[in-house]
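K.L.:
One structure coming up, written as structure tokens, with questions to follow.
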There are 2 protein chains.
Amino acid sequence: MLAGTPAHAFWPHCAKNRFRTHARRIYSPLAFAFRLFTCTGSTLFKYLVLPVVLLGAYQAAHADEGQWQPHQLPQLKSELKRIGITMPAEKLADLSKHPMSAMVSLGGCSASFVSPDGLVVTNHHCGYAAIQRNSTPEHNYILNGFLAKTRAAELPGGPSTLVYVTEKVENVTDRVLKGLPATLSGKERHEQVESRVKALIAECETDKAYRCSVPAFHRGLEYYRIKQLMIRDVRLVYAPSDMIGNFGGDIDNYEWPRQTGDFSFLRAYVGKDGRPADPSPDNVPYKSKDFLVVSAEGLKNGDPILLAGYPGRTSRYKLPSEIRYARDTDFPLKAASITADLSVIAAATMGNANSSVRYASVAKSLNNVLKKTQGLMDGFARKDVAAIKDVQDAEFRAWYKANGAAGSKTLLADLDAVIAADMALAQQEFAFNEATHSDLLKSARTLYRLALERQKPDAQRESGYQERDLSFIKARLTRLEQSFVASVDEARWSAALQRYAKLNAVNHPPGLDAALPPVTSLPAIYKASDLGDTAKRLAWIGKEPEAFRKSDNPFIQLALRLHAAGMALEERRKEVDGNLERVIPQYMTAVIAWKKSQGKPVYPDANSTLRVTFGTVSPYSPRDGLVKGPFSTVDGILEKATTKEPFLVPAALTQAVKEKRFGAFKDPVLGTVPVNFLSSADTTGGNSGSAVMNKRGELVGLNFDSTYESITKDWYFDTAITRAIHVDIRYMLWVMKEVDHADNVMAEMTIKYPKR
Amino acid sequence: MLAGTPAHAFWPHCAKNRFRTHARRIYSPLAFAFRLFTCTGSTLFKYLVLPVVLLGAYQAAHADEGQWQPHQLPQLKSELKRIGITMPAEKLADLSKHPMSAMVSLGGCSASFVSPDGLVVTNHHCGYAAIQRNSTPEHNYILNGFLAKTRAAELPGGPSTLVYVTEKVENVTDRVLKGLPATLSGKERHEQVESRVKALIAECETDKAYRCSVPAFHRGLEYYRIKQLMIRDVRLVYAPSDMIGNFGGDIDNYEWPRQTGDFSFLRAYVGKDGRPADPSPDNVPYKSKDFLVVSAEGLKNGDPILLAGYPGRTSRYKLPSEIRYARDTDFPLKAASITADLSVIAAATMGNANSSVRYASVAKSLNNVLKKTQGLMDGFARKDVAAIKDVQDAEFRAWYKANGAAGSKTLLADLDAVIAADMALAQQEFAFNEATHSDLLKSARTLYRLALERQKPDAQRESGYQERDLSFIKARLTRLEQSFVASVDEARWSAALQRYAKLNAVNHPPGLDAALPPVTSLPAIYKASDLGDTAKRLAWIGKEPEAFRKSDNPFIQLALRLHAAGMALEERRKEVDGNLERVIPQYMTAVIAWKKSQGKPVYPDANSTLRVTFGTVSPYSPRDGLVKGPFSTVDGILEKATTKEPFLVPAALTQAVKEKRFGAFKDPVLGTVPVNFLSSADTTGGNSGSAVMNKRGELVGLNFDSTYESITKDWYFDTAITRAIHVDIRYMLWVMKEVDHADNVMAEMTIKYPKR
């Protein structure tokens, strides 16, 4: 893992945001492996992605591509004006000013302050960990929702619920790159960059109240150091029932029509000195310097929106060859692997309630990735994005040959070479992941690696194994108990080893085959190991490498045996990454110059940093003769209602709809309360919970998903069909008023009602 | 079967239009049985039906209920004006004037003249019999389409392709009902009415060029005698490939989005004397007195349309009890029976190409009925139509008690009693149908019945067994060979007998159980019978009853054994029908008076007579957050295209779309050629091929289907979601020009091109 990855990359929410942060490339198998290991116990993230088909019979407002760094917005004044944003671009560019200073990160999710007393609004699924950990059979807050009528009644969010307030963003490109020889490449280059990034982070984190990161932009063309206040006492204030917050569940995930009330409220607490503190009853609400005003007026079709948040990862500048690799090799392999894994889990847990519960969220996560991967394959099958990129790529190359005098003469050849090497390595990384697909084995490998790294001075340790990472590693190793059953883990690994054996031998990482145990030995290995016991697992933290060498625990022994092959792969990854970090920035410099010659600004691929996107409320045509959106309504909830999850509806909600108690939240055109709406804004995973604002910067909704047809958007933004799904503020307020009677929460916010 | 049923009820097209004509009630099992027997060999009809859900987020133009008798149109002047129809209502009311005099019936389908030389345009599926019978492996007109470049090249349509030109419509209510005592009821009443109707028909058919019918309106409140010139030399002029004409096939049946080019052209030929003649090379094109002008301008969203044709059957005036019976008893029974029958057919034909081919169209027909039945059940589950009818019924009853002084005091009680008796009998009829579910048995029963009826003078014979019916009976008994395999018939009957045995014993018709053979005897029965041989089957026509009695053919013997039970059921049907015919007209008289008191005209339920409906081009919302239509486009064809039926696309079409050769047929808003569109007009089965006209009465499309959500419309017209599906004239003309080069057909029509 890169140093410079934002701290919250390690956060428990990461599974919700599974294509984010770690994964340098969406198809990086190691990243994928690590993600599954890290995050399988967490709840699901409604990942946002994108574009496919054609309009045909429908003329729509087009989606607006671009996840802009706030400082870029002044370049886009005319665009903002065109769609009707009245807020000055300069104001939006200033992170210390309203409304940007009201935006926060939850580490994997986005959110915003909505009161001066640290009240934060985000998605229901982003607050889910806090809801879940406080739920008991007697107090089932998942099913019944939760409302603290007083501050004293607010419930602890637990260690995975944090609020990050960005206080400073510095361009540190010079400090990362200065003096690096242009010819420096490979592992050497990668390690020098890593080392400087780690130093920059360490320098920033001298005050332990802060978490710092130095993410690369354009794959290393620029580096910014981001300093975030990390508030670690965050409490649950209000969440509607899962029947509202997760209405439609997995079935409606990525789908439209949608009627999900995906919202919840948290509150940030700090010590009496105003600084972040460990959770304590003595803490006081954080005095947020800024907060969003809520507009109950809502929006109508065609209205402009602004959306600010922390999008995770996009791959918009991939070469055609990379798209073909993803489409033809990586996605099909991944889909087949997950499909097989899901079958194994289903078979291994069948008829056992305990095992089923433990693997429910694992299966949910896998299903989410599978649905996304399937969506990507469907999307690429429907629209030949590679062919579109071929044209763009050819245009660029022609331009570069004619105008790229300042750049390297070998750039285009270098580029093709490093990308080819990257793709070849990725296949071996995928194979490695299959071969080591056991949570116990991964735990053992993490523990052994940690022991080795701890032999070095902290600054020289591999990123992810530094002192700053220790609490996160511990949390992960602890959390495993929630989603682990030895017999299921054994069945999964056994099947994965057999899949690995069938992969083309050239993609088997060197040295790995010899180190792997025969499938037939697995029963004995599991029988002899006590790593499934959390206390025994955690007891390995802090032990010396020597203790590992002497252990007769078969998983610890396996971690040692596999170490050399794993490290060799990692070294080759560093070599490839170092080359990518040398060549891609040159390539992006040329691309930016090329686009500039066309008068077009260029935004960097998403990297979990704060971005602003804008667009309009607009429907789309997923196929000829059909129009989706832009609004769904409370009537649609009753339409979908059944007596089974995920389409249960609270009786109070049904009654309020039937009695038409819509009050101020009735849309004058629809004649009812809008629930979700579509916009053309450019979002991706990590944007969950992002504030959706009207032209004046007032809160009118929360982002929480995007449509199935949008799934390919991380790769290619198809303006005709890319739509993000938002929950309408009027539905949130209506639920608060008519269903949950959360009057105290409403009273705390500044709500502007429509004049009618 | 009622005398007075239009002649074309017997026509081979009937299977395409399976809820038409014969079936007095949609759930009349005997009618259902008869229909299956009669029509299983024919191709599929895209049946039109209707309404279910709610609008939610979508404000649409509402559908326009009413299948009006042309003479009623002057009452609807303001409605016509409101939607923008400029043609005078009085003109539309006159069947001898343009445009109504251009409308023709094909017997089960609707059509219209589009040139002075007898050129007729209708649906592809309505011309299918003509296309199919001329197709050979060498000249596959189904796959490749057919175009006669000269008149001499036009192909014979065969005996099932006829054109009916309505020449006279007389109100003969007096002649049917005059002098019948008000108290006359039951079988006696029914037979007196039948007898008068038969006499009226016989009087009208003295000139054999004509086919006459005396259908009842409002179930016997009024009778009209319709005199139609029956043209029996009808030739195929032009049909596009099945890839165009049946694009989407069964998968898209009842569905939107839709891109089906469901059109074909026929020509009526007559003898040199201008009178209908048997097919002969000496015949000449019929000089149509009137024809429609074609407008290539097309329509846009919101434009008004007029639609004229021959809708088959609706049930709009059913009581709530009848809706509940259909919903809770008839539809589920029927759906279960068809589902089981389809399984039996699948199992019995599996692995046998010959059997599979013979039962392909049977299965297709059954699937169509099943889809419609499923749609009715879905629709009634989504919207409680019975509850809506409860309210209307209660309002009517209250009004009648207060204002119905002129009517019978016992009307409401009488009504409930006759309807209850009808429903009870229908269950036995359903059971009878299950018990006799064998094509060979049905053939034997028809033959024996014919022999018995022929003992009487023609005028006294049962309707359906008169001299005028003989050729149709012969055609049906011949056509059976196309869709019959003894082993499959045996399997179907065997399964049906077992289903029958499981039905509630109170619904077993008296005397039937004792007459039925044991299931175990079926193999021997089939082995010993030669009725599967067409020549031997037909040889029974004209034989005396005595010959039947002496026969040792087991099916003939069975026909004799089952005769008493069948006749008993038929007598009871006549009794019930006679009662219905006495009470329902009184009820409808009261309903009309009630509606008149609200200023609302009342249209009669559809009965295969010429009707006019109107509406606007409009989309609809099948569920919250989703909008369908109103247009589909040629781009949608490429979107759906695969390499498998029914989504194959002719290369010439693909190329024309890709090259954007749209010419005059490009819609200025859509930027491409529209293929299908939705309107709010009120249609049903039988309206296939109906002319869709613009406000000036110019042809702008053909009706061919309605949406799945519309399926309940025959029972209750839900304005929000009822939509008919039409093929756009611009697509037809574009296919003719760019794909099939049918310039000669285009040249024969009068086409108005848009001024642009």
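Chains: A, B, ... in order of the structure tokens. Residues: from 1 per chain. Ligands: from 1, in order shown.
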Need the shell around range 351-360 of chain B: protein/DNA/RNA residues with any atom at most 8 Å away, counting only C-alpha atoms. Skip same-chain ones fewer than 4 positions apart. Format as an NGL selection string?

P.N.:
:B and (345 or 364 or 482-485 or 488)

K.L.:
Dump as a PyMOL selection string the residues of chain A that approach chain B to within 6 Å, counting only C-alpha atoms.

P.N.:
chain A and resi 56-57+257+624-629+631-632+635-636+670

K.L.:
Since we have the selection now, will you write its residues out, keeping N, CA and C atoms, as a short mmCIF file (atom, residue, chain, number, x, y, z; two decimals), in the first residue's frame?

P.N.:
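Contents of again-v5.cif, freshly written:
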```
data_model
loop_
_atom_site.label_atom_id
_atom_site.label_comp_id
_atom_site.auth_asym_id
_atom_site.auth_seq_id
_atom_site.Cartn_x
_atom_site.Cartn_y
_atom_site.Cartn_z
N GLY A 56 -31.91 7.51 -28.27
CA GLY A 56 -33.06 7.11 -29.07
C GLY A 56 -34.14 8.16 -28.96
N ALA A 57 -35.26 7.73 -28.42
CA ALA A 57 -36.45 8.58 -28.49
C ALA A 57 -36.49 9.65 -27.42
N PRO A 257 -36.39 2.35 -10.90
CA PRO A 257 -36.90 3.22 -9.83
C PRO A 257 -36.42 2.80 -8.43
N ASP A 624 -34.25 2.45 -25.80
CA ASP A 624 -35.24 3.02 -26.70
C ASP A 624 -36.66 2.86 -26.15
N GLY A 625 -37.40 3.97 -26.11
CA GLY A 625 -38.81 3.89 -25.73
C GLY A 625 -39.08 3.95 -24.25
N LEU A 626 -38.02 4.11 -23.45
CA LEU A 626 -38.16 4.06 -21.99
C LEU A 626 -37.45 5.25 -21.38
N VAL A 627 -38.10 5.88 -20.40
CA VAL A 627 -37.48 7.00 -19.70
C VAL A 627 -37.53 6.73 -18.21
N LYS A 628 -36.41 6.92 -17.54
CA LYS A 628 -36.36 6.71 -16.10
C LYS A 628 -36.19 8.04 -15.39
N GLY A 629 -36.97 8.20 -14.30
CA GLY A 629 -36.84 9.37 -13.45
C GLY A 629 -37.47 10.61 -14.03
N PHE A 631 -37.82 11.71 -10.79
CA PHE A 631 -38.26 11.58 -9.40
C PHE A 631 -38.96 10.25 -9.12
N SER A 632 -38.79 9.74 -7.92
CA SER A 632 -39.70 8.72 -7.40
C SER A 632 -40.47 9.36 -6.24
N ASP A 635 -45.63 7.34 -3.11
CA ASP A 635 -46.61 6.41 -3.65
C ASP A 635 -45.90 5.16 -4.19
N GLY A 636 -44.71 5.37 -4.72
CA GLY A 636 -43.92 4.25 -5.22
C GLY A 636 -43.51 3.29 -4.11
N LEU A 670 -45.64 17.05 -8.70
CA LEU A 670 -45.95 15.63 -8.51
C LEU A 670 -47.20 15.41 -7.67
#
```

K.L.:
Check the DSSP output for the backbone and give back, as a ChimeraX atom specification, the residues of range 277-452 of chain B in alpha helix (DSSP H).

P.N.:
/B:320-325,331-349,353-382,385-403,411-435,439-452

K.L.:
Mind checking which residues fall within 9 Å of range 585-601 of chain A, counting only C-alpha atoms, ignoring those fewer than 4 positions away in the same chain, and posting them as a ChimeraX atom specification?

P.N.:
/A:72,75-76,217-222,317,396,399-400,403-404,407-408,411-412,415,580-581

K.L.:
Give me the residues near range 239-252 of chain B as a PyMOL selection string, where near means some atom within 6 Å (using only C-alpha atoms) and where sequence neighbours in that chain fewer than 6 positions away do not count.

P.N.:
chain B and resi 124+142-146+260-262+264+646-649

K.L.:
Go ahead and save the picked residues with all heavy atoms, as a tab-separated table (two decimals), in the first residue's frame.

P.N.:
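Now in out_23.tsv:
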```tsv
chain	number	residue	atom	x	y	z
B	124	HIS	N	-48.90	-7.36	-40.15
B	124	HIS	CA	-48.14	-8.51	-40.65
B	124	HIS	C	-48.77	-9.80	-40.12
B	124	HIS	O	-48.95	-10.76	-40.85
B	124	HIS	CB	-46.69	-8.39	-40.18
B	124	HIS	CG	-45.76	-9.42	-40.75
B	124	HIS	ND1	-45.51	-10.61	-40.13
B	124	HIS	CD2	-45.03	-9.42	-41.90
B	124	HIS	CE1	-44.64	-11.31	-40.86
B	124	HIS	NE2	-44.33	-10.60	-41.94
B	142	ILE	N	-41.55	-15.87	-45.33
B	142	ILE	CA	-41.59	-15.52	-43.91
B	142	ILE	C	-40.28	-14.86	-43.53
B	142	ILE	O	-40.25	-13.76	-42.99
B	142	ILE	CB	-41.84	-16.79	-43.05
B	142	ILE	CG1	-43.21	-17.37	-43.35
B	142	ILE	CG2	-41.72	-16.46	-41.56
B	142	ILE	CD1	-43.48	-18.73	-42.70
B	143	LEU	N	-39.19	-15.53	-43.87
B	143	LEU	CA	-37.88	-15.00	-43.50
B	143	LEU	C	-37.47	-13.81	-44.36
B	143	LEU	O	-36.95	-12.82	-43.85
B	143	LEU	CB	-36.83	-16.11	-43.63
B	143	LEU	CG	-35.41	-15.70	-43.21
B	143	LEU	CD1	-35.38	-15.41	-41.71
B	143	LEU	CD2	-34.40	-16.78	-43.56
B	144	ASN	N	-37.71	-13.92	-45.67
B	144	ASN	CA	-37.18	-12.89	-46.57
B	144	ASN	C	-38.17	-11.79	-46.91
B	144	ASN	O	-37.80	-10.81	-47.54
B	144	ASN	CB	-36.71	-13.55	-47.87
B	144	ASN	CG	-35.67	-14.62	-47.59
B	144	ASN	OD1	-34.77	-14.42	-46.76
B	144	ASN	ND2	-35.79	-15.77	-48.23
B	145	GLY	N	-39.43	-11.97	-46.53
B	145	GLY	CA	-40.44	-11.03	-46.95
B	145	GLY	C	-40.85	-11.33	-48.38
B	145	GLY	O	-40.27	-12.19	-49.05
B	146	PHE	N	-41.89	-10.63	-48.84
B	146	PHE	CA	-42.35	-10.83	-50.21
B	146	PHE	C	-42.79	-9.50	-50.79
B	146	PHE	O	-43.46	-8.72	-50.14
B	146	PHE	CB	-43.54	-11.80	-50.25
B	146	PHE	CG	-44.20	-11.85	-51.60
B	146	PHE	CD1	-43.59	-12.56	-52.64
B	146	PHE	CD2	-45.38	-11.15	-51.86
B	146	PHE	CE1	-44.17	-12.58	-53.91
B	146	PHE	CE2	-45.96	-11.17	-53.12
B	146	PHE	CZ	-45.35	-11.89	-54.15
B	260	THR	N	-41.77	-3.27	-33.53
B	260	THR	CA	-42.26	-4.27	-34.47
B	260	THR	C	-42.88	-3.60	-35.70
B	260	THR	O	-43.74	-2.75	-35.56
B	260	THR	CB	-43.31	-5.17	-33.78
B	260	THR	OG1	-42.78	-5.65	-32.55
B	260	THR	CG2	-43.69	-6.34	-34.66
B	261	GLY	N	-42.43	-4.02	-36.86
B	261	GLY	CA	-42.98	-3.50	-38.13
B	261	GLY	C	-44.15	-4.37	-38.56
B	261	GLY	O	-44.10	-5.00	-39.62
B	262	ASP	N	-45.20	-4.34	-37.75
B	262	ASP	CA	-46.30	-5.28	-37.92
B	262	ASP	C	-47.27	-4.80	-39.02
B	262	ASP	O	-48.39	-4.41	-38.73
B	262	ASP	CB	-47.03	-5.45	-36.58
B	262	ASP	CG	-47.87	-6.72	-36.54
B	262	ASP	OD1	-48.05	-7.33	-37.61
B	262	ASP	OD2	-48.35	-7.08	-35.46
B	264	SER	N	-48.51	-5.40	-43.42
B	264	SER	CA	-48.42	-6.09	-44.71
B	264	SER	C	-49.51	-5.54	-45.62
B	264	SER	O	-50.42	-4.85	-45.16
B	264	SER	CB	-48.58	-7.62	-44.53
B	264	SER	OG	-49.89	-7.92	-44.07
B	646	PRO	N	-36.18	-13.90	-31.61
B	646	PRO	CA	-36.88	-13.02	-32.55
B	646	PRO	C	-36.23	-11.65	-32.69
B	646	PRO	O	-36.88	-10.68	-32.99
B	646	PRO	CB	-38.26	-12.89	-31.90
B	646	PRO	CG	-37.94	-12.91	-30.42
B	646	PRO	CD	-36.72	-13.76	-30.24
B	647	PHE	N	-34.92	-11.58	-32.45
B	647	PHE	CA	-34.25	-10.28	-32.50
B	647	PHE	C	-33.22	-10.19	-33.63
B	647	PHE	O	-32.24	-9.46	-33.52
B	647	PHE	CB	-33.63	-9.95	-31.14
B	647	PHE	CG	-34.65	-9.80	-30.04
B	647	PHE	CD1	-34.81	-10.75	-29.05
B	647	PHE	CD2	-35.51	-8.69	-30.03
B	647	PHE	CE1	-35.77	-10.62	-28.06
B	647	PHE	CE2	-36.48	-8.55	-29.05
B	647	PHE	CZ	-36.61	-9.51	-28.06
B	648	LEU	N	-33.48	-10.96	-34.68
B	648	LEU	CA	-32.66	-10.82	-35.88
B	648	LEU	C	-33.07	-9.55	-36.61
B	648	LEU	O	-34.23	-9.15	-36.57
B	648	LEU	CB	-32.88	-12.02	-36.80
B	648	LEU	CG	-32.36	-13.38	-36.29
B	648	LEU	CD1	-32.91	-14.50	-37.15
B	648	LEU	CD2	-30.84	-13.38	-36.28
B	649	VAL	N	-32.13	-8.94	-37.29
B	649	VAL	CA	-32.42	-7.71	-38.03
B	649	VAL	C	-31.86	-7.86	-39.44
B	649	VAL	O	-30.71	-8.27	-39.60
B	649	VAL	CB	-31.78	-6.49	-37.33
B	649	VAL	CG1	-32.07	-5.22	-38.11
B	649	VAL	CG2	-32.27	-6.37	-35.89
```

K.L.:
Show which residues sit within 10 Å of Phe665 in chain B, as a list in words. Count only C-alpha atoms, and ignore same-chain residues fewer than 3 positions away.

P.N.:
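Here the qualifying residues turn out to be Ala296, Glu297, Gly298, Arg661, Phe662, Pro668, Gly671, Thr672, Val673, Pro674, Ile729, Arg730, Tyr731, Met732, Leu733, Trp734, Val735, Lys737, Tyr753 and Pro754 of chain B.
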
K.L.:
How would the residues just chosen look if you wrote them out with N, CA and C atoms as a PDB file, in the first residue's frame?

P.N.:
```pdb
ATOM      1  N   ALA B 296     -47.230  11.106 -44.394  1.00  0.00           N
ATOM      2  CA  ALA B 296     -45.866  10.777 -43.965  1.00  0.00           C
ATOM      3  C   ALA B 296     -45.370  11.772 -42.919  1.00  0.00           C
ATOM      4  N   GLU B 297     -46.222  12.708 -42.561  1.00  0.00           N
ATOM      5  CA  GLU B 297     -45.816  13.694 -41.558  1.00  0.00           C
ATOM      6  C   GLU B 297     -45.778  13.063 -40.168  1.00  0.00           C
ATOM      7  N   GLY B 298     -46.609  12.041 -39.998  1.00  0.00           N
ATOM      8  CA  GLY B 298     -46.625  11.370 -38.703  1.00  0.00           C
ATOM      9  C   GLY B 298     -47.208  12.235 -37.607  1.00  0.00           C
ATOM     10  N   ARG B 661     -29.782   6.926 -43.236  1.00  0.00           N
ATOM     11  CA  ARG B 661     -30.580   7.233 -44.426  1.00  0.00           C
ATOM     12  C   ARG B 661     -32.046   7.318 -44.021  1.00  0.00           C
ATOM     13  N   PHE B 662     -32.426   8.420 -43.391  1.00  0.00           N
ATOM     14  CA  PHE B 662     -33.775   8.554 -42.846  1.00  0.00           C
ATOM     15  C   PHE B 662     -34.699   9.357 -43.762  1.00  0.00           C
ATOM     16  N   PRO B 668     -38.539  15.133 -36.611  1.00  0.00           N
ATOM     17  CA  PRO B 668     -37.685  16.287 -36.306  1.00  0.00           C
ATOM     18  C   PRO B 668     -37.272  16.358 -34.842  1.00  0.00           C
ATOM     19  N   GLY B 671     -35.009  12.924 -34.204  1.00  0.00           N
ATOM     20  CA  GLY B 671     -33.799  12.893 -35.009  1.00  0.00           C
ATOM     21  C   GLY B 671     -33.548  11.556 -35.679  1.00  0.00           C
ATOM     22  N   THR B 672     -34.564  10.717 -35.697  1.00  0.00           N
ATOM     23  CA  THR B 672     -34.423   9.402 -36.307  1.00  0.00           C
ATOM     24  C   THR B 672     -35.819   8.943 -36.729  1.00  0.00           C
ATOM     25  N   VAL B 673     -35.944   7.701 -37.224  1.00  0.00           N
ATOM     26  CA  VAL B 673     -37.245   7.229 -37.687  1.00  0.00           C
ATOM     27  C   VAL B 673     -37.996   6.559 -36.530  1.00  0.00           C
ATOM     28  N   PRO B 674     -39.201   7.020 -36.234  1.00  0.00           N
ATOM     29  CA  PRO B 674     -40.003   6.363 -35.191  1.00  0.00           C
ATOM     30  C   PRO B 674     -40.504   5.014 -35.710  1.00  0.00           C
ATOM     31  N   ILE B 729     -46.526   5.055 -39.390  1.00  0.00           N
ATOM     32  CA  ILE B 729     -46.529   5.024 -40.857  1.00  0.00           C
ATOM     33  C   ILE B 729     -45.158   5.385 -41.420  1.00  0.00           C
ATOM     34  N   ARG B 730     -44.419   6.224 -40.672  1.00  0.00           N
ATOM     35  CA  ARG B 730     -43.102   6.635 -41.178  1.00  0.00           C
ATOM     36  C   ARG B 730     -42.141   5.453 -41.219  1.00  0.00           C
ATOM     37  N   TYR B 731     -42.276   4.564 -40.247  1.00  0.00           N
ATOM     38  CA  TYR B 731     -41.438   3.352 -40.268  1.00  0.00           C
ATOM     39  C   TYR B 731     -41.828   2.457 -41.426  1.00  0.00           C
ATOM     40  N   MET B 732     -43.154   2.299 -41.616  1.00  0.00           N
ATOM     41  CA  MET B 732     -43.624   1.470 -42.725  1.00  0.00           C
ATOM     42  C   MET B 732     -43.072   1.999 -44.052  1.00  0.00           C
ATOM     43  N   LEU B 733     -43.205   3.298 -44.266  1.00  0.00           N
ATOM     44  CA  LEU B 733     -42.764   3.888 -45.529  1.00  0.00           C
ATOM     45  C   LEU B 733     -41.236   3.812 -45.663  1.00  0.00           C
ATOM     46  N   TRP B 734     -40.562   3.999 -44.528  1.00  0.00           N
ATOM     47  CA  TRP B 734     -39.090   3.953 -44.556  1.00  0.00           C
ATOM     48  C   TRP B 734     -38.600   2.543 -44.905  1.00  0.00           C
ATOM     49  N   VAL B 735     -39.242   1.531 -44.318  1.00  0.00           N
ATOM     50  CA  VAL B 735     -38.884   0.148 -44.635  1.00  0.00           C
ATOM     51  C   VAL B 735     -39.150  -0.118 -46.114  1.00  0.00           C
ATOM     52  N   LYS B 737     -39.160   1.982 -48.524  1.00  0.00           N
ATOM     53  CA  LYS B 737     -38.226   2.702 -49.390  1.00  0.00           C
ATOM     54  C   LYS B 737     -36.779   2.209 -49.228  1.00  0.00           C
ATOM     55  N   TYR B 753     -46.322  14.193 -48.104  1.00  0.00           N
ATOM     56  CA  TYR B 753     -45.059  14.360 -47.389  1.00  0.00           C
ATOM     57  C   TYR B 753     -45.046  15.674 -46.615  1.00  0.00           C
ATOM     58  N   PRO B 754     -44.329  15.709 -45.497  1.00  0.00           N
ATOM     59  CA  PRO B 754     -44.282  16.957 -44.713  1.00  0.00           C
ATOM     60  C   PRO B 754     -43.548  18.045 -45.496  1.00  0.00           C
TER      61      PRO B 754
END
```

K.L.:
Kindly indicate which residue among B:Thr616, B:Pro604, B:Thr642, B:Lys187 lies nearest to Thr719 in chain B, using only C-alpha atoms for the distances.

P.N.:
B:Thr616

K.L.:
Write down as a ChimeraX atom specification the residues belonging to range 195-346 of chain A that are assigned strand (DSSP E) by DSSP computed on the backbone.

P.N.:
/A:210-213,216-217,222-231,233-239,264-270,284-285,294-295,304-309

K.L.:
Using only C-alpha atoms, can you tell me which of A:Ala691, A:Met749, A:Ala524, A:Ala652 comes closest to Cys109 in chain A?

P.N.:
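Of the candidates, the smallest distance to Cys109 in chain A is held by A:Ala691.
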
K.L.:
Between CA of Ser78 in chain A and CA of Ser315 in chain A, measure the distance and give it in Å to one decimal.

P.N.:
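Calculated distance between CA of Ser78 in chain A and CA of Ser315 in chain A is 26.3 Å.
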
K.L.:
For range 531-534 of chain A, find every residue with an atom within 9 Å (counting only C-alpha atoms), except residues of its own chain fewer than 3 positions away, and show them as JSON, numbers by chain.

P.N.:
{"A": [440, 443, 444, 477, 478, 479, 480, 481, 484, 485, 486, 537, 538, 539, 553, 555, 556]}

K.L.:
As an exercise, work out the distance from CA of Thr410 in chain A to CA of Leu184 in chain A in Å and give it to one decimal place.

P.N.:
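Distance between the two atoms: 15.1 Å.
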